[in-house]
Each structure stands twice: as structure tokens, then as C-alpha cells.
$ cat model_7.cif   # mmCIF, C-alpha atoms
data_run
loop_
_atom_site.label_atom_id
_atom_site.label_comp_id
_atom_site.auth_asym_id
_atom_site.auth_seq_id
_atom_site.Cartn_x
_atom_site.Cartn_y
_atom_site.Cartn_z
CA MET A 1 -95.61 -163.08 135.06
CA LYS A 2 -94.20 -165.07 137.98
CA SER A 3 -91.16 -167.30 138.06
CA GLU A 4 -91.28 -170.58 139.94
CA ASP A 5 -91.19 -170.12 143.76
CA ASN A 6 -90.81 -166.34 143.30
CA ASN A 7 -87.86 -166.50 145.66
CA PHE A 8 -85.48 -163.73 144.61
CA THR A 9 -83.70 -162.68 147.79
CA ASN A 10 -81.97 -159.35 148.26
CA ALA A 11 -78.67 -161.22 148.43
CA ASN A 12 -79.27 -162.86 145.03
CA LEU A 13 -80.24 -159.53 143.50
CA ASP A 14 -77.25 -157.75 145.04
CA ASP A 15 -74.92 -160.43 143.65
CA ALA A 16 -76.47 -160.07 140.19
CA ILE A 17 -76.17 -156.28 140.28
CA GLU A 18 -72.55 -156.49 141.40
CA ALA A 19 -71.70 -158.96 138.62
CA LEU A 20 -73.38 -156.79 135.98
CA SER A 21 -71.65 -153.72 137.39
CA LYS A 22 -68.25 -155.39 136.89
CA ASN A 23 -69.06 -156.18 133.26
CA LEU A 24 -70.18 -152.62 132.58
CA TYR A 25 -67.05 -151.21 134.23
CA LEU A 26 -64.94 -153.24 131.81
CA GLU A 27 -67.10 -152.26 128.84
CA SER A 28 -67.31 -148.53 129.56
CA PRO A 29 -66.63 -146.47 132.71
CA ASP A 30 -69.32 -144.01 131.58
CA LEU A 31 -71.91 -146.79 131.33
CA TRP A 32 -70.78 -148.07 134.72
CA ILE A 33 -71.33 -144.65 136.33
CA GLU A 34 -74.79 -144.34 134.76
CA PHE A 35 -75.69 -147.85 135.90
CA GLN A 36 -74.51 -147.12 139.46
CA ASP A 37 -76.68 -144.00 139.54
CA LYS A 38 -79.72 -145.95 138.36
CA MET A 39 -79.19 -148.67 140.95
CA GLY A 40 -78.78 -146.04 143.65
CA ASP A 41 -82.19 -144.63 142.65
CA LYS A 42 -83.63 -148.16 142.19
CA VAL A 43 -84.35 -147.45 138.51
CA PHE A 44 -84.84 -150.55 136.36
CA ASP A 45 -85.42 -149.05 132.92
CA GLU A 46 -84.83 -150.24 129.37
CA MET A 47 -81.10 -149.52 129.53
CA VAL A 48 -80.68 -151.62 132.68
CA LEU A 49 -82.68 -154.51 131.20
CA PHE A 50 -80.73 -154.24 127.93
CA PHE A 51 -77.45 -154.94 129.68
CA ALA A 52 -79.04 -157.49 132.00
CA ALA A 53 -80.16 -159.41 128.90
CA LYS A 54 -76.80 -158.92 127.22
CA TYR A 55 -74.92 -160.40 130.18
CA ASN A 56 -77.58 -163.00 131.07
CA SER A 57 -78.54 -161.46 134.42
CA PHE A 58 -81.87 -163.23 134.81
CA SER A 59 -82.37 -162.16 138.44
CA ILE A 60 -82.34 -158.45 137.55
CA ILE A 61 -84.87 -158.90 134.75
CA ALA A 62 -87.19 -161.03 136.87
CA HIS A 63 -86.96 -158.57 139.77
CA ALA A 64 -87.92 -155.65 137.53
CA VAL A 65 -90.79 -157.52 135.88
CA GLU A 66 -92.30 -159.18 138.94
CA ASN A 67 -92.19 -155.99 140.99
CA ASN A 68 -93.74 -153.95 138.16
CA LEU A 69 -90.72 -151.64 137.97
CA ILE A 70 -91.00 -151.42 134.18
CA ASN A 71 -93.76 -151.78 131.59
CA LEU A 72 -92.37 -154.18 129.01
CA ASP A 73 -95.12 -153.28 126.56
CA SER A 74 -94.31 -149.58 126.54
CA PRO A 75 -92.64 -148.12 123.39
CA SER A 76 -88.95 -148.87 123.08
CA ARG A 77 -86.41 -146.05 122.91
CA ASN A 78 -84.78 -148.05 120.13
CA LYS A 79 -86.78 -147.23 116.99
CA SER A 80 -86.08 -150.67 115.54
CA TYR A 81 -88.46 -152.24 118.08
CA SER A 82 -92.11 -151.60 118.89
CA THR A 83 -91.86 -152.33 122.60
CA VAL A 84 -89.30 -152.69 125.36
CA ARG A 85 -90.16 -156.39 125.50
CA ASP A 86 -89.30 -156.88 121.80
CA HIS A 87 -86.00 -155.08 122.28
CA ILE A 88 -84.92 -157.08 125.34
CA ILE A 89 -85.96 -160.40 123.77
CA SER A 90 -83.92 -159.52 120.68
CA VAL A 91 -80.84 -158.82 122.82
CA ALA A 92 -81.28 -162.10 124.69
CA LYS A 93 -81.68 -164.05 121.43
CA LYS A 94 -78.61 -162.41 119.92
CA ASN A 95 -76.54 -163.44 122.94
CA LYS A 96 -78.07 -166.96 123.06
CA HIS A 97 -79.63 -166.48 126.50
CA THR A 98 -82.51 -168.92 126.07
CA ARG A 99 -83.83 -168.66 129.61
CA VAL A 100 -84.37 -164.90 129.41
CA CYS A 101 -86.09 -165.28 126.02
CA GLU A 102 -88.50 -167.90 127.34
CA TYR A 103 -89.28 -165.89 130.46
CA LEU A 104 -90.14 -162.72 128.52
CA THR A 105 -91.87 -164.49 125.62
CA ASP A 106 -94.17 -166.82 127.57
CA PRO A 107 -95.89 -165.27 130.61
CA ASN A 108 -96.92 -168.73 131.80
CA SER A 109 -93.47 -170.28 131.68
CA LEU A 110 -92.28 -171.48 135.09
CA ILE A 111 -88.56 -171.07 135.30
CA SER A 112 -86.36 -171.73 138.32
CA ASP A 113 -85.31 -168.55 140.11
CA SER A 114 -81.65 -169.48 140.45
CA SER A 115 -79.59 -167.44 138.00
CA ASP A 116 -76.79 -169.96 138.29
CA ASN A 117 -78.93 -172.98 137.38
CA THR A 118 -76.48 -175.56 136.05
CA SER A 119 -78.82 -177.30 133.63
CA ALA A 120 -79.85 -173.97 132.12
CA GLU A 121 -76.23 -173.01 131.62
CA ASN A 122 -75.45 -176.37 130.01
CA THR A 123 -78.39 -175.97 127.63
CA ILE A 124 -77.23 -172.52 126.63
CA GLU A 125 -73.67 -173.73 126.14
CA GLU A 126 -74.84 -176.58 123.89
CA GLU A 127 -76.90 -174.20 121.77
CA VAL A 128 -73.99 -171.80 121.40
CA ASN A 129 -71.70 -174.64 120.33
CA GLN A 130 -74.18 -175.60 117.62
CA THR A 131 -74.44 -172.07 116.26
CA ASP A 132 -72.05 -170.11 114.11
CA VAL A 133 -71.10 -167.37 116.57
CA PHE A 134 -68.12 -165.09 116.86
CA ILE A 135 -65.53 -166.48 119.28
CA PRO A 136 -62.84 -163.99 120.34
CA LYS A 137 -59.23 -165.10 120.38
CA PHE A 138 -56.15 -163.98 122.26
CA THR A 139 -53.22 -166.35 122.42
CA CYS A 140 -51.14 -166.61 125.58
CA PRO A 141 -47.52 -166.06 124.48
CA THR A 142 -46.29 -168.60 127.04
CA CYS A 143 -48.47 -171.66 126.38
CA ASN A 144 -50.08 -170.69 123.03
CA THR A 145 -53.65 -171.35 124.22
CA ASN A 146 -56.63 -169.09 123.54
CA VAL A 147 -57.29 -167.45 126.92
CA PHE A 148 -60.99 -167.16 126.07
CA GLU A 149 -61.11 -170.96 126.04
CA SER A 150 -58.62 -171.80 128.80
CA GLY A 151 -59.73 -168.89 130.99
CA TYR A 152 -57.91 -165.92 132.48
CA ILE A 153 -57.68 -164.33 135.92
CA VAL A 154 -58.13 -160.65 136.77
CA SER A 155 -57.91 -158.98 140.18
CA THR A 156 -59.81 -156.07 141.70
CA ASN A 157 -59.21 -153.49 144.41
CA SER A 158 -62.29 -152.71 146.48
CA ILE A 159 -62.80 -149.90 148.99
CA TYR A 160 -65.21 -150.40 151.89
CA LYS A 161 -66.62 -147.94 154.41
CA PHE A 162 -68.74 -148.46 157.49
CA SER A 163 -72.42 -147.60 156.99
CA LYS A 164 -74.06 -146.11 160.07
CA ASN A 165 -77.53 -146.84 158.70
CA GLU A 166 -76.90 -150.49 157.87
CA LYS A 167 -74.34 -151.00 160.64
CA THR A 168 -71.99 -152.92 158.39
CA SER A 169 -69.18 -152.31 155.94
CA LYS A 170 -70.37 -151.41 152.43
CA LYS A 171 -68.39 -151.41 149.22
CA ILE A 172 -68.18 -147.85 147.86
CA SER A 173 -65.88 -148.34 144.89
CA GLN A 174 -64.11 -151.01 142.92
CA GLU A 175 -61.20 -150.93 140.52
CA THR A 176 -60.15 -153.68 138.14
CA LEU A 177 -56.38 -154.14 138.04
CA ASP A 178 -54.55 -154.44 134.72
CA PRO A 179 -52.53 -157.68 135.13
CA VAL A 180 -54.07 -160.68 133.35
CA VAL A 181 -53.03 -164.22 134.29
CA CYS A 182 -53.52 -167.22 131.99
CA CYS A 183 -55.41 -170.03 133.75
CA ASN A 184 -53.66 -172.68 131.67
CA CYS A 185 -50.04 -171.89 132.56
CA ASN A 186 -50.51 -169.40 135.43
CA SER A 187 -48.27 -166.83 133.76
CA THR A 188 -48.88 -163.08 133.69
CA ILE A 189 -49.60 -161.87 130.16
CA LYS A 190 -47.83 -158.64 129.26
CA GLY A 191 -49.29 -156.04 126.92
CA ILE A 192 -52.94 -156.89 127.54
CA THR A 193 -55.54 -155.61 130.01
CA PRO A 194 -58.99 -156.84 131.08
CA GLU A 195 -60.52 -153.92 129.20
CA LYS A 196 -58.81 -154.91 125.94
CA LEU A 197 -59.93 -158.52 126.35
CA GLU A 198 -63.49 -157.35 127.01
CA ASN A 199 -63.35 -155.19 123.89
CA LEU A 200 -62.43 -158.28 121.88
CA CYS A 201 -65.65 -159.95 123.08
CA HIS A 202 -67.86 -157.13 121.82
CA VAL A 203 -65.87 -155.83 118.86
CA HIS A 204 -68.61 -156.96 116.43
CA SER A 205 -71.41 -155.24 118.38
CA CYS A 206 -72.55 -151.64 118.69
CA SER A 207 -71.93 -150.49 122.27
CA LYS A 208 -75.25 -148.61 122.33
CA CYS A 209 -77.91 -150.77 120.64
CA GLY A 210 -76.03 -154.08 120.84
CA LEU A 211 -76.66 -155.13 117.23
CA ASP A 212 -74.05 -156.92 115.12
CA LEU A 213 -72.21 -154.35 113.00
CA LYS A 214 -71.31 -156.99 110.42
CA THR A 215 -75.01 -157.61 109.87
CA ILE A 216 -76.51 -154.12 109.99
CA GLY A 217 -73.54 -152.25 108.51
CA ILE A 218 -71.47 -149.19 109.33
CA ILE A 219 -72.05 -145.65 108.02
CA ASP A 220 -69.03 -143.66 106.83
CA LYS A 221 -69.49 -139.96 107.60
CA LEU A 222 -67.08 -137.73 105.71
CA LYS A 223 -66.38 -134.15 106.76
CA MET A 224 -65.43 -131.85 103.89
CA GLU A 225 -63.84 -128.41 104.17
CA TYR A 226 -63.58 -125.75 101.52
CA ASP A 227 -60.06 -125.09 100.21
CA LYS A 228 -59.66 -121.58 98.81
CA GLY A 229 -56.50 -122.46 96.92
CA SER A 230 -58.05 -125.19 94.81
CA ASP A 231 -61.57 -123.75 95.02
CA LYS A 232 -62.79 -127.20 96.01
CA PHE A 233 -64.10 -129.07 99.01
CA ILE A 234 -61.50 -131.50 100.30
CA LYS A 235 -61.72 -134.41 102.70
CA LYS A 236 -60.93 -133.32 106.24
CA SER A 237 -61.87 -136.28 108.42
CA ALA A 238 -64.06 -139.36 108.56
CA SER A 239 -66.05 -141.00 111.32
CA TYR A 240 -67.82 -144.34 111.42
CA HIS A 241 -71.22 -144.99 112.96
CA CYS A 242 -73.68 -147.81 113.60
CA SER A 243 -76.27 -147.76 110.81
CA ASN A 244 -79.05 -148.58 113.29
CA CYS A 245 -78.60 -145.98 116.05
CA ASP A 246 -75.86 -143.71 114.64
CA ASN A 247 -73.58 -144.45 117.60
CA LYS A 248 -69.93 -143.71 116.78
CA ILE A 249 -67.83 -146.87 116.83
CA SER A 250 -64.74 -147.03 119.03
CA ASP A 251 -61.14 -146.62 117.91
CA TYR A 252 -60.60 -150.26 118.81
CA GLN A 253 -63.40 -151.29 116.42
CA LYS A 254 -61.93 -149.06 113.71
CA GLU A 255 -58.63 -150.89 114.04
CA TYR A 256 -60.32 -154.30 114.08
CA PHE A 257 -62.32 -153.60 110.91
CA ASN A 258 -59.33 -151.86 109.25
CA LEU A 259 -61.25 -148.62 108.71
#

$ encode --input "model_7.cif" --output "C-alpha cells"
Amino acid sequence: MKSEDNNFTNANLDDAIEALSKNLYLESPDLWIEFQDKMGDKVFDEMVLFFAAKYNSFSIIAHAVENNLINLDSPSRNKSYSTVRDHIISVAKKNKHTRVCEYLTDPNSLISDSSDNTSAENTIEEEVNQTDVFIPKFTCPTCNTNVFESGYIVSTNSIYKFSKNEKTSKKISQETLDPVVCCNCNSTIKGITPEKLENLCHVHSCSKCGLDLKTIGIIDKLKMEYDKGSDKFIKKSASYHCSNCDNKISDYQKEYFNL
């Protein structure tokens, strides 16, 4: 499977990895650490491709496929899918990333290598607008606009060190700062962080398998303890899990679904 021109430069790939790394940092610091470790070892496995498909990182997927870094037809770790290919295509379809779907579905499709291709983005945007999808909402208290539509600004602190091997400064860590600024009125929004806004985007989805919890359902696990006084088992605690992969949902999702 070869994309048109087969011209993925190291710079393009590095930019794609950095962008995906930022998204994973906001989603889960633990995922971010695991992703950083995999990139350090140049591992492009099913987990990496899952998040690349989720966040529309076409360059990462194409790099892994065209350099034979992963066998897409090997069994998926997600039991709902026969192969890795089926799993990644499903993630791309769920997130309306048409270009990734076409690339993985049709080995003969010739798709431009630029991950920022404007026409591709416009096509995806039009398809999303025509589909009944969940659109998160957070209203700026100053101008009353939905920041997910008007846009919002976040800042990061990055630490660089000089690399003797590469003879240049290399980024060794990055931290996203809490202040969020509304693009519409340029005011700082109090009481909200980038992490909370990111959680709003994915509140419907399982953080592990990526499936829509409203579609596949949530399992209620009840822990019972024996009470000697009443000679009965009584409810001690409850936890809620994705019905597909048994991943425990977050406290934020519990609040959102009123569980």
C-alpha cells in the first residue's frame, strides 16, 4: 500500500507525533507516558494506530503501514474485531476521518501525503455537518458563545536541552497550562481547564476501546458485603464499566451520565 508520492519526511512525521502527543497528554497523562515510551522505541503498534486514527493523524498511520512496522491483518487485541485493520478502520469511521478509512480499506487508493490537505479537511467537515454527531458545549461566561465553535486558546511550557548526538536543542518535556482564553472575546475563562474541555469532547466514548458508551452500554458492578447484624449482604459500593472492554469509566463520565 503506497500513498501518492510516498513523500513523508521526518519533519512531517515529527510534527504529527508531537500533535498526537499533545492530545494524549490532555486525555490521560498515563497514556501520554506510554505513547512517549513507544515513540522512543519506534514502536507503532495497535495502540498507537488506534489513537492516530482517533485524532486523524494520517502521517503516523501511513508511516507505520508503508514501512511495514505493523501487520494490519494480524489479530486485534480488541476481541470485537478480527484484525488490527478492522479495528483501526472502525475507529476512523466513528470519528468521521474519511481519508484514513479510504487509505486502509483500499490498498490501491492514491491519497495525497499531506496530513493538512485542505480539500480533505473540508470534505470531512461537510460529512460531519451532515451527520448526527455529539457536539460538546461549554459557554463562555463573558460572551455566551460555545467555545468549541468559536475556538479557545491554551498555552504550554516546554523544556529544551542540548543534544550532543544531534547537535541541536531537543524538547524533553511539555506541560499544558491551565488558563483557557475564549477566541471570540479574548477573555480568560475561570473554573475550566484544557483537560476538562478535552474530557467534554470524549465523554461519550470509552477511553480504552473508543466505542460510544451510549450505543454499547455501561455495566453496573455492585460490590456486596455481608452484614452480621442483619444476616444479609448489603450494598457496599458500585462501579461502572464499558460493556465492550470492561474499562472503568471516569468520575467525570459518571457525573455526566448522572450515575

$ atom_distance --input "model_7.cif" --atom1 "atom CA of A:Val100" --atom2 "atom CA of A:Glu46"
14.7 Å

$ closest_residue --input "model_7.cif" --among "A:Ser187, A:Gln253, A:Ser163, A:Gln36" --to "A:Cys206" --atoms "all atoms listed in the file"
A:Gln253

$ residues_around --input "model_7.cif" --residues "stretch 217-230 of chain A" --least-positions-apart "2" --cutoff "6 Å" --atoms "all atoms listed in the file" --output "PyMOL selection string"
chain A and resi 213-215+232-243

$ write_last_selection --input "model_7.cif" --atoms "C-alpha atoms" --output "mmCIF file, in the frame of the given file"
data_model
loop_
_atom_site.group_PDB
_atom_site.id
_atom_site.type_symbol
_atom_site.label_atom_id
_atom_site.label_comp_id
_atom_site.auth_asym_id
_atom_site.auth_seq_id
_atom_site.Cartn_x
_atom_site.Cartn_y
_atom_site.Cartn_z
ATOM 1 C CA LEU A 213 -72.210 -154.350 113.000
ATOM 2 C CA LYS A 214 -71.310 -156.990 110.420
ATOM 3 C CA THR A 215 -75.010 -157.610 109.870
ATOM 4 C CA LYS A 232 -62.790 -127.200 96.010
ATOM 5 C CA PHE A 233 -64.100 -129.070 99.010
ATOM 6 C CA ILE A 234 -61.500 -131.500 100.300
ATOM 7 C CA LYS A 235 -61.720 -134.410 102.700
ATOM 8 C CA LYS A 236 -60.930 -133.320 106.240
ATOM 9 C CA SER A 237 -61.870 -136.280 108.420
ATOM 10 C CA ALA A 238 -64.060 -139.360 108.560
ATOM 11 C CA SER A 239 -66.050 -141.000 111.320
ATOM 12 C CA TYR A 240 -67.820 -144.340 111.420
ATOM 13 C CA HIS A 241 -71.220 -144.990 112.960
ATOM 14 C CA CYS A 242 -73.680 -147.810 113.600
ATOM 15 C CA SER A 243 -76.270 -147.760 110.810
#

$ resolve_selection --input "model_7.cif" --expression "the PyMOL selection byres ((chain A and resi 56) around 8)" --output "PDB file with C-alpha atoms, keeping the file's coordinate frame"
ATOM      1  CA  ALA A  52     -79.040-157.490 132.000  1.00  0.00           C
ATOM      2  CA  ALA A  53     -80.160-159.410 128.900  1.00  0.00           C
ATOM      3  CA  LYS A  54     -76.800-158.920 127.220  1.00  0.00           C
ATOM      4  CA  TYR A  55     -74.920-160.400 130.180  1.00  0.00           C
ATOM      5  CA  SER A  57     -78.540-161.460 134.420  1.00  0.00           C
ATOM      6  CA  PHE A  58     -81.870-163.230 134.810  1.00  0.00           C
ATOM      7  CA  ALA A  92     -81.280-162.100 124.690  1.00  0.00           C
ATOM      8  CA  HIS A  97     -79.630-166.480 126.500  1.00  0.00           C
ATOM      9  CA  VAL A 100     -84.370-164.900 129.410  1.00  0.00           C
TER      10      VAL A 100
END

$ residues_around --input "model_7.cif" --residues "A:His87" --least-positions-apart "5" --cutoff "8 Å" --atoms "only C-alpha atoms" --output "compact mmCIF listing (two decimals) with C-alpha atoms, keeping the file's coordinate frame"
# COMPACT_ATOMS: atom_id res chain seq x y z
CA PHE A 50 -80.73 -154.24 127.93
CA SER A 76 -88.95 -148.87 123.08
CA ASN A 78 -84.78 -148.05 120.13
CA TYR A 81 -88.46 -152.24 118.08
CA SER A 82 -92.11 -151.60 118.89

$ resolve_selection --input "model_7.cif" --expression "the PyMOL selection byres ((chain A and resi 192) around 12)" --output "ChimeraX atom specification"
/A:138-141,147,152,154,177-182,188-191,193-200

$ build_atoms --input "model_7.cif" --residues "stretch 217-245 of chain A" --atoms "N, CA and C atoms" --output "tab-separated table (two decimals), in the frame of the given file"
chain	number	residue	atom	x	y	z
A	217	GLY	N	-74.38	-153.17	109.28
A	217	GLY	CA	-73.54	-152.25	108.51
A	217	GLY	C	-73.07	-151.04	109.30
A	218	ILE	N	-72.07	-150.38	108.73
A	218	ILE	CA	-71.47	-149.19	109.33
A	218	ILE	C	-71.59	-148.03	108.34
A	219	ILE	N	-71.93	-146.84	108.85
A	219	ILE	CA	-72.05	-145.65	108.02
A	219	ILE	C	-70.75	-144.85	108.09
A	220	ASP	N	-70.25	-144.47	106.94
A	220	ASP	CA	-69.03	-143.66	106.83
A	220	ASP	C	-69.45	-142.21	106.67
A	221	LYS	N	-69.16	-141.38	107.67
A	221	LYS	CA	-69.49	-139.96	107.60
A	221	LYS	C	-68.22	-139.17	107.29
A	222	LEU	N	-68.26	-138.46	106.18
A	222	LEU	CA	-67.08	-137.73	105.71
A	222	LEU	C	-67.28	-136.23	105.90
A	223	LYS	N	-66.33	-135.59	106.59
A	223	LYS	CA	-66.38	-134.15	106.76
A	223	LYS	C	-65.53	-133.49	105.69
A	224	MET	N	-66.14	-132.55	104.97
A	224	MET	CA	-65.43	-131.85	103.89
A	224	MET	C	-65.25	-130.38	104.29
A	225	GLU	N	-64.10	-129.82	103.93
A	225	GLU	CA	-63.84	-128.41	104.17
A	225	GLU	C	-63.45	-127.73	102.87
A	226	TYR	N	-63.86	-126.49	102.76
A	226	TYR	CA	-63.58	-125.75	101.52
A	226	TYR	C	-62.14	-125.26	101.51
A	227	ASP	N	-61.44	-125.52	100.40
A	227	ASP	CA	-60.06	-125.09	100.21
A	227	ASP	C	-60.03	-123.94	99.21
A	228	LYS	N	-59.66	-122.76	99.68
A	228	LYS	CA	-59.66	-121.58	98.81
A	228	LYS	C	-58.67	-121.72	97.66
A	229	GLY	N	-57.52	-122.34	97.95
A	229	GLY	CA	-56.50	-122.46	96.92
A	229	GLY	C	-56.95	-123.24	95.70
A	230	SER	N	-57.59	-124.36	95.93
A	230	SER	CA	-58.05	-125.19	94.81
A	230	SER	C	-59.50	-124.92	94.44
A	231	ASP	N	-60.16	-124.06	95.25
A	231	ASP	CA	-61.57	-123.75	95.02
A	231	ASP	C	-62.42	-125.02	95.01
A	232	LYS	N	-62.06	-125.94	95.93
A	232	LYS	CA	-62.79	-127.20	96.01
A	232	LYS	C	-62.98	-127.60	97.48
A	233	PHE	N	-63.96	-128.45	97.69
A	233	PHE	CA	-64.10	-129.07	99.01
A	233	PHE	C	-63.18	-130.28	99.08
A	234	ILE	N	-62.42	-130.37	100.15
A	234	ILE	CA	-61.50	-131.50	100.30
A	234	ILE	C	-61.84	-132.28	101.57
A	235	LYS	N	-61.45	-133.54	101.56
A	235	LYS	CA	-61.72	-134.41	102.70
A	235	LYS	C	-60.91	-133.96	103.91
A	236	LYS	N	-61.61	-133.74	105.02
A	236	LYS	CA	-60.93	-133.32	106.24
A	236	LYS	C	-60.80	-134.47	107.23
A	237	SER	N	-61.89	-135.17	107.47
A	237	SER	CA	-61.87	-136.28	108.42
A	237	SER	C	-63.06	-137.19	108.16
A	238	ALA	N	-62.97	-138.40	108.70
A	238	ALA	CA	-64.06	-139.36	108.56
A	238	ALA	C	-64.38	-139.97	109.92
A	239	SER	N	-65.63	-140.29	110.11
A	239	SER	CA	-66.05	-141.00	111.32
A	239	SER	C	-66.98	-142.13	110.91
A	240	TYR	N	-67.06	-143.14	111.76
A	240	TYR	CA	-67.82	-144.34	111.42
A	240	TYR	C	-68.86	-144.60	112.50
A	241	HIS	N	-70.09	-144.90	112.04
A	241	HIS	CA	-71.22	-144.99	112.96
A	241	HIS	C	-72.06	-146.23	112.68
A	242	CYS	N	-72.72	-146.71	113.73
A	242	CYS	CA	-73.68	-147.81	113.60
A	242	CYS	C	-74.83	-147.35	112.72
A	243	SER	N	-75.20	-148.16	111.72
A	243	SER	CA	-76.27	-147.76	110.81
A	243	SER	C	-77.64	-147.80	111.48
A	244	ASN	N	-77.75	-148.47	112.61
A	244	ASN	CA	-79.05	-148.58	113.29
A	244	ASN	C	-79.32	-147.40	114.21
A	245	CYS	N	-78.34	-147.02	115.04
A	245	CYS	CA	-78.60	-145.98	116.05
A	245	CYS	C	-77.67	-144.78	115.91
